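Trainee: Handing you this structure, nothing more for now.
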Amino acid sequence: FALAAAGDSNEDANFEHDVANAAILKLTTELAFVEKTLAGASSGEGAKDLQVGEQVRAGRSDELLVDKLFANDIARFARGAEECYEKQQFRDALIQAWDMLQHSRDRYRGMTASMGGMHSELLRDFIRTQTLLLAPICPHYAEHVWHLLGYSDSIMRAAWPKLPDVDPVLVRVSVYLDKVVPDLRAAVDRLRGKKEAPAGTIWVGTEYLDWQQATLKVLAARASQGAPFDKDFKRSMTSLPTLAPFKHLAKLILPFAQYCVDDFLVRGAEAFELGMPFEEGHVLTETLPFLQSLLSLPSLQVQAWPPTDPASVPKKAQAPLPGRPTVTLG
């Protein structure tokens, strides 16, 4: 584990004893999780305690949106690990096979805590796939888990996992939730302060305003040309034909453009899209039990912006944008 994490370049290997010691703890902790998970799945019961208050469930493995996201993440990161192995990039393979899959499992675990628990079939698929991915790096650990899964033959004789196609829309939903959930939590903490909030509303923006759409089109065209977003471009962008009708809104356009450019540096061309490739309201509604628990709100709802009754929304409430929901309390 530590040798794989040391890197694959021509530089001196970054092998550290601390990494090796931490790996022992990580693998031991994961082994305990695997044993409890498989014990619950093999008991024949619909739900089995893994830890205090934590359960697994049976039934359809695609019943919930979070089930689909987790299954898609398993395929996505397994394919990523496979590509890294083919290039002999063992550190990157370990990141995909361990770090990314663990993050996805932990997020799935947290989201389903208020939805009946994780799905036993998906957990078994996760354990089996991750074990096969780790076998080239941690063969003894993988061999032990392989037998816990019920296989009598050695994992060294097992075939590489057959992976389904990765759904790019579900990938976007996964990335969306990774960004939106901490943003919503920070917003609620800021609005609540030291007071208890009885209820909250998550507002979803379905489309940009006219001047925002025009700005995004200009930025997208600029990015497609490979041209820089330098100071000269920003000073002159409101004079471009597309933005000329909105020149009187320059004080709004320039900060919005800068925000989008900063987002572009992180997310790429999708930062300039005029809409999301999925329905935000549906995604947030499907994860509402998790969000309500995370935000510690007795009541939480999802609504499209603008509100039907503007008087019910605080005057300083920030309008949402596609991909950037906002929240109000009260």
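Ligands are numbered from 1 in the order shown, residues from 1 within each chain, and chains are lettered A, B, ... in the order they appear in the structure tokens.
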May I have the residues within 10 Å of His144 of chain A as a VMD selection string, using only C-alpha atoms and disregarding those fewer than 3 positions away in the same chain?
Mentor: chain A and resid 31 131 139 to 141 147 to 149 154 to 155
Trainee: Could you give me, as number ranges by chain, each residue of segment 65-138 of chain A that DSSP assigns to alpha helix (DSSP H) when run on this structure's backbone?
Mentor: A: 65-86, 90-94, 101-112, 120-134
Trainee: Suppose we keep N, CA and C atoms; can you now write the selection as a compact mmCIF listing (two decimals), in the first residue's frame?
Mentor:
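Heads up, here's the output in selection33.txt:
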```txt
# COMPACT_ATOMS: atom_id res chain seq x y z
N LEU A 65 -32.16 7.19 -5.95
CA LEU A 65 -31.16 7.88 -6.75
C LEU A 65 -29.76 7.65 -6.20
N VAL A 66 -29.62 7.65 -4.88
CA VAL A 66 -28.29 7.45 -4.29
C VAL A 66 -27.76 6.05 -4.58
N ASP A 67 -28.64 5.06 -4.75
CA ASP A 67 -28.22 3.72 -5.16
C ASP A 67 -27.58 3.77 -6.56
N LYS A 68 -28.26 4.48 -7.46
CA LYS A 68 -27.75 4.60 -8.83
C LYS A 68 -26.42 5.34 -8.86
N LEU A 69 -26.31 6.37 -8.04
CA LEU A 69 -25.05 7.13 -7.99
C LEU A 69 -23.91 6.27 -7.49
N PHE A 70 -24.17 5.48 -6.46
CA PHE A 70 -23.13 4.63 -5.89
C PHE A 70 -22.70 3.56 -6.89
N ALA A 71 -23.67 2.91 -7.54
CA ALA A 71 -23.34 1.90 -8.54
C ALA A 71 -22.53 2.51 -9.69
N ASN A 72 -22.90 3.71 -10.09
CA ASN A 72 -22.17 4.38 -11.17
C ASN A 72 -20.75 4.75 -10.73
N ASP A 73 -20.60 5.17 -9.49
CA ASP A 73 -19.27 5.50 -8.97
C ASP A 73 -18.38 4.27 -8.91
N ILE A 74 -18.94 3.14 -8.55
CA ILE A 74 -18.15 1.90 -8.52
C ILE A 74 -17.57 1.62 -9.90
N ALA A 75 -18.43 1.72 -10.93
CA ALA A 75 -17.97 1.49 -12.30
C ALA A 75 -16.97 2.55 -12.73
N ARG A 76 -17.24 3.82 -12.37
CA ARG A 76 -16.37 4.92 -12.80
C ARG A 76 -14.97 4.79 -12.23
N PHE A 77 -14.86 4.57 -10.93
CA PHE A 77 -13.54 4.52 -10.32
C PHE A 77 -12.81 3.20 -10.61
N ALA A 78 -13.58 2.14 -10.83
CA ALA A 78 -12.96 0.88 -11.23
C ALA A 78 -12.34 1.01 -12.62
N ARG A 79 -13.04 1.67 -13.53
CA ARG A 79 -12.49 1.90 -14.86
C ARG A 79 -11.26 2.83 -14.77
N GLY A 80 -11.33 3.80 -13.88
CA GLY A 80 -10.18 4.69 -13.70
C GLY A 80 -8.97 3.93 -13.19
N ALA A 81 -9.17 3.02 -12.24
CA ALA A 81 -8.07 2.21 -11.73
C ALA A 81 -7.50 1.30 -12.82
N GLU A 82 -8.39 0.74 -13.63
CA GLU A 82 -7.96 -0.13 -14.72
C GLU A 82 -7.07 0.62 -15.70
N GLU A 83 -7.45 1.82 -16.07
CA GLU A 83 -6.65 2.63 -16.98
C GLU A 83 -5.28 2.95 -16.38
N CYS A 84 -5.25 3.22 -15.08
CA CYS A 84 -3.97 3.53 -14.42
C CYS A 84 -3.07 2.30 -14.37
N TYR A 85 -3.65 1.13 -14.10
CA TYR A 85 -2.85 -0.10 -14.09
C TYR A 85 -2.24 -0.36 -15.46
N GLU A 86 -3.03 -0.12 -16.51
CA GLU A 86 -2.51 -0.35 -17.87
C GLU A 86 -1.31 0.54 -18.17
N PHE A 90 0.79 3.16 -10.50
CA PHE A 90 0.23 2.47 -9.35
C PHE A 90 -0.31 3.42 -8.28
N ARG A 91 0.31 4.57 -8.10
CA ARG A 91 -0.22 5.52 -7.13
C ARG A 91 -1.60 6.02 -7.56
N ASP A 92 -1.74 6.36 -8.84
CA ASP A 92 -3.04 6.81 -9.33
C ASP A 92 -4.07 5.69 -9.29
N ALA A 93 -3.62 4.45 -9.54
CA ALA A 93 -4.53 3.31 -9.44
C ALA A 93 -5.02 3.15 -8.01
N LEU A 94 -4.14 3.35 -7.05
CA LEU A 94 -4.52 3.25 -5.65
C LEU A 94 -5.50 4.35 -5.26
N LEU A 101 -13.09 5.33 -4.15
CA LEU A 101 -14.16 4.40 -3.83
C LEU A 101 -14.57 4.51 -2.36
N GLN A 102 -13.61 4.74 -1.47
CA GLN A 102 -13.95 4.91 -0.05
C GLN A 102 -14.80 6.16 0.16
N HIS A 103 -14.42 7.24 -0.53
CA HIS A 103 -15.20 8.47 -0.43
C HIS A 103 -16.62 8.25 -0.92
N SER A 104 -16.77 7.54 -2.01
CA SER A 104 -18.10 7.29 -2.56
C SER A 104 -18.91 6.42 -1.61
N ARG A 105 -18.28 5.37 -1.04
CA ARG A 105 -18.99 4.50 -0.10
C ARG A 105 -19.40 5.28 1.15
N ASP A 106 -18.52 6.13 1.66
CA ASP A 106 -18.83 6.89 2.87
C ASP A 106 -19.95 7.89 2.63
N ARG A 107 -19.95 8.51 1.44
CA ARG A 107 -21.04 9.42 1.11
C ARG A 107 -22.36 8.66 1.00
N TYR A 108 -22.33 7.52 0.35
CA TYR A 108 -23.52 6.67 0.22
C TYR A 108 -24.02 6.24 1.59
N ARG A 109 -23.11 5.92 2.45
CA ARG A 109 -23.43 5.51 3.82
C ARG A 109 -24.16 6.64 4.56
N GLY A 110 -23.62 7.86 4.43
CA GLY A 110 -24.23 8.99 5.10
C GLY A 110 -25.58 9.36 4.53
N MET A 111 -25.71 9.29 3.21
CA MET A 111 -26.96 9.69 2.57
C MET A 111 -28.09 8.71 2.85
N THR A 112 -27.77 7.43 2.97
CA THR A 112 -28.83 6.43 3.15
C THR A 112 -29.16 6.18 4.61
N SER A 120 -27.74 -4.02 0.50
CA SER A 120 -26.81 -5.13 0.73
C SER A 120 -26.16 -5.62 -0.57
N GLU A 121 -26.93 -5.66 -1.66
CA GLU A 121 -26.38 -6.15 -2.93
C GLU A 121 -25.32 -5.19 -3.47
N LEU A 122 -25.58 -3.88 -3.35
CA LEU A 122 -24.61 -2.90 -3.80
C LEU A 122 -23.35 -2.94 -2.95
N LEU A 123 -23.50 -3.14 -1.66
CA LEU A 123 -22.33 -3.23 -0.78
C LEU A 123 -21.48 -4.44 -1.13
N ARG A 124 -22.12 -5.55 -1.42
CA ARG A 124 -21.36 -6.75 -1.80
C ARG A 124 -20.61 -6.52 -3.12
N ASP A 125 -21.27 -5.85 -4.06
CA ASP A 125 -20.62 -5.53 -5.33
C ASP A 125 -19.44 -4.58 -5.10
N PHE A 126 -19.62 -3.61 -4.21
CA PHE A 126 -18.53 -2.70 -3.86
C PHE A 126 -17.35 -3.45 -3.28
N ILE A 127 -17.61 -4.34 -2.33
CA ILE A 127 -16.53 -5.09 -1.68
C ILE A 127 -15.81 -5.97 -2.69
N ARG A 128 -16.59 -6.68 -3.52
CA ARG A 128 -15.98 -7.58 -4.50
C ARG A 128 -15.12 -6.80 -5.50
N THR A 129 -15.65 -5.70 -6.03
CA THR A 129 -14.92 -4.93 -7.03
C THR A 129 -13.67 -4.31 -6.43
N GLN A 130 -13.78 -3.69 -5.26
CA GLN A 130 -12.61 -3.07 -4.65
C GLN A 130 -11.54 -4.10 -4.30
N THR A 131 -11.97 -5.27 -3.86
CA THR A 131 -11.00 -6.33 -3.52
C THR A 131 -10.21 -6.74 -4.75
N LEU A 132 -10.88 -6.91 -5.88
CA LEU A 132 -10.18 -7.26 -7.12
C LEU A 132 -9.23 -6.14 -7.55
N LEU A 133 -9.65 -4.89 -7.36
CA LEU A 133 -8.80 -3.77 -7.76
C LEU A 133 -7.56 -3.66 -6.88
N LEU A 134 -7.69 -4.03 -5.61
CA LEU A 134 -6.56 -3.93 -4.68
C LEU A 134 -5.64 -5.14 -4.72
```
Trainee: Identify all residues of segment 235-318 of chain A in strand (DSSP E or B) (DSSP on the backbone) and supply them as a ChimeraX atom specification.
Mentor: /A:300-305
Trainee: Tell me, as a ChimeraX atom specification, which residues lie within 6 Å of segment 116-119 of chain A, counting only C-alpha atoms; anything in the same chain fewer than 3 positions away does not count.
Mentor: /A:55-58,112-113,122
Trainee: I want to know what sits within 10 Å of Ala319 of chain A, based on only C-alpha atoms, with residues of the same chain fewer than 3 positions away left out; could you give that as a list of chain:residue names?
Mentor: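 The residues that qualify are A:Trp203, A:Val204, A:Gly205, A:Trp305, A:Pro306, A:Lys316, A:Arg324, A:Pro325, A:Thr326, A:Val327.
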Trainee: Closest to Phe256 of chain A among A:Ala304, A:Ala20, A:Leu209, A:Ala317, using only C-alpha atoms?
Mentor: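 Between A:Ala304, A:Ala20, A:Leu209, A:Ala317, the residue approaching Phe256 of chain A most closely is A:Leu209.
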Trainee: List as a PDB file with N, CA, C and O atoms, in the first residue's frame the protein and nucleic acid residues near Pro277 of chain A, meaning an atom at most 9 Å away when only C-alpha atoms are counted, but skip any in the same chain fewer than 2 places from it.
Mentor:
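result_4.pdb, written as the output of this step:
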```pdb
ATOM      1  N   VAL A 169     -24.253  11.458 -17.058  1.00  0.00           N
ATOM      2  CA  VAL A 169     -25.188  12.339 -16.360  1.00  0.00           C
ATOM      3  C   VAL A 169     -25.145  12.067 -14.857  1.00  0.00           C
ATOM      4  O   VAL A 169     -25.144  12.999 -14.036  1.00  0.00           O
ATOM      5  N   ARG A 172     -22.218  13.728 -13.385  1.00  0.00           N
ATOM      6  CA  ARG A 172     -22.468  15.153 -13.150  1.00  0.00           C
ATOM      7  C   ARG A 172     -23.300  15.348 -11.876  1.00  0.00           C
ATOM      8  O   ARG A 172     -23.061  16.296 -11.113  1.00  0.00           O
ATOM      9  N   VAL A 173     -24.277  14.468 -11.649  1.00  0.00           N
ATOM     10  CA  VAL A 173     -25.078  14.562 -10.430  1.00  0.00           C
ATOM     11  C   VAL A 173     -24.204  14.349  -9.206  1.00  0.00           C
ATOM     12  O   VAL A 173     -24.322  15.063  -8.197  1.00  0.00           O
ATOM     13  N   GLY A 275     -27.649  25.472 -18.782  1.00  0.00           N
ATOM     14  CA  GLY A 275     -28.528  24.686 -17.922  1.00  0.00           C
ATOM     15  C   GLY A 275     -27.827  23.421 -17.480  1.00  0.00           C
ATOM     16  O   GLY A 275     -26.717  23.114 -17.928  1.00  0.00           O
ATOM     17  N   GLU A 279     -32.413  17.331 -13.822  1.00  0.00           N
ATOM     18  CA  GLU A 279     -33.353  18.201 -13.130  1.00  0.00           C
ATOM     19  C   GLU A 279     -32.909  18.366 -11.672  1.00  0.00           C
ATOM     20  O   GLU A 279     -32.998  17.431 -10.869  1.00  0.00           O
ATOM     21  N   GLU A 280     -32.440  19.559 -11.354  1.00  0.00           N
ATOM     22  CA  GLU A 280     -31.920  19.812 -10.010  1.00  0.00           C
ATOM     23  C   GLU A 280     -32.958  19.569  -8.933  1.00  0.00           C
ATOM     24  O   GLU A 280     -32.652  18.994  -7.878  1.00  0.00           O
TER      25      GLU A 280
END
```
Trainee: Between A:Asp165, A:Asp178, A:Glu270, A:Asp189, single out the one closest to Ala223 of chain A, counting only C-alpha atoms.
Mentor: A:Glu270
Trainee: As a PyMOL selection string, please: the residues near Thr242 of chain A (cut-off 8 Å, only C-alpha atoms, same-chain neighbours under 4 positions excluded).
Mentor: chain A and resi 214-215+218
Trainee: I need the chosen residues saved as a short mmCIF file (atom, residue, chain, number, x, y, z; two decimals), in the first residue's frame, with N, CA, C and O atoms.
Mentor:
```
data_model
loop_
_atom_site.label_atom_id
_atom_site.label_comp_id
_atom_site.auth_asym_id
_atom_site.auth_seq_id
_atom_site.Cartn_x
_atom_site.Cartn_y
_atom_site.Cartn_z
N ALA A 214 -26.34 35.76 -22.08
CA ALA A 214 -25.47 36.40 -23.07
C ALA A 214 -24.01 36.36 -22.62
O ALA A 214 -23.11 36.12 -23.42
N THR A 215 -23.78 36.59 -21.35
CA THR A 215 -22.42 36.56 -20.81
C THR A 215 -21.81 35.17 -20.95
O THR A 215 -20.65 35.01 -21.36
N VAL A 218 -20.75 34.45 -24.53
CA VAL A 218 -19.50 35.13 -24.87
C VAL A 218 -18.31 34.39 -24.27
O VAL A 218 -17.29 34.16 -24.94
#
```
Trainee: Please compute the atom CA of Ile253 of chain A-atom CA of Ala311 of chain A distance, one decimal, in Å.
Mentor: 27.2 Å
Trainee: Which one is closest to Leu219 of chain A: A:Leu254, A:Leu191, A:Ala186, A:Met100? Count only C-alpha atoms.
Mentor: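 Of A:Leu254, A:Leu191, A:Ala186, A:Met100, the one nearest Leu219 of chain A is A:Leu254, counting only C-alpha atoms.
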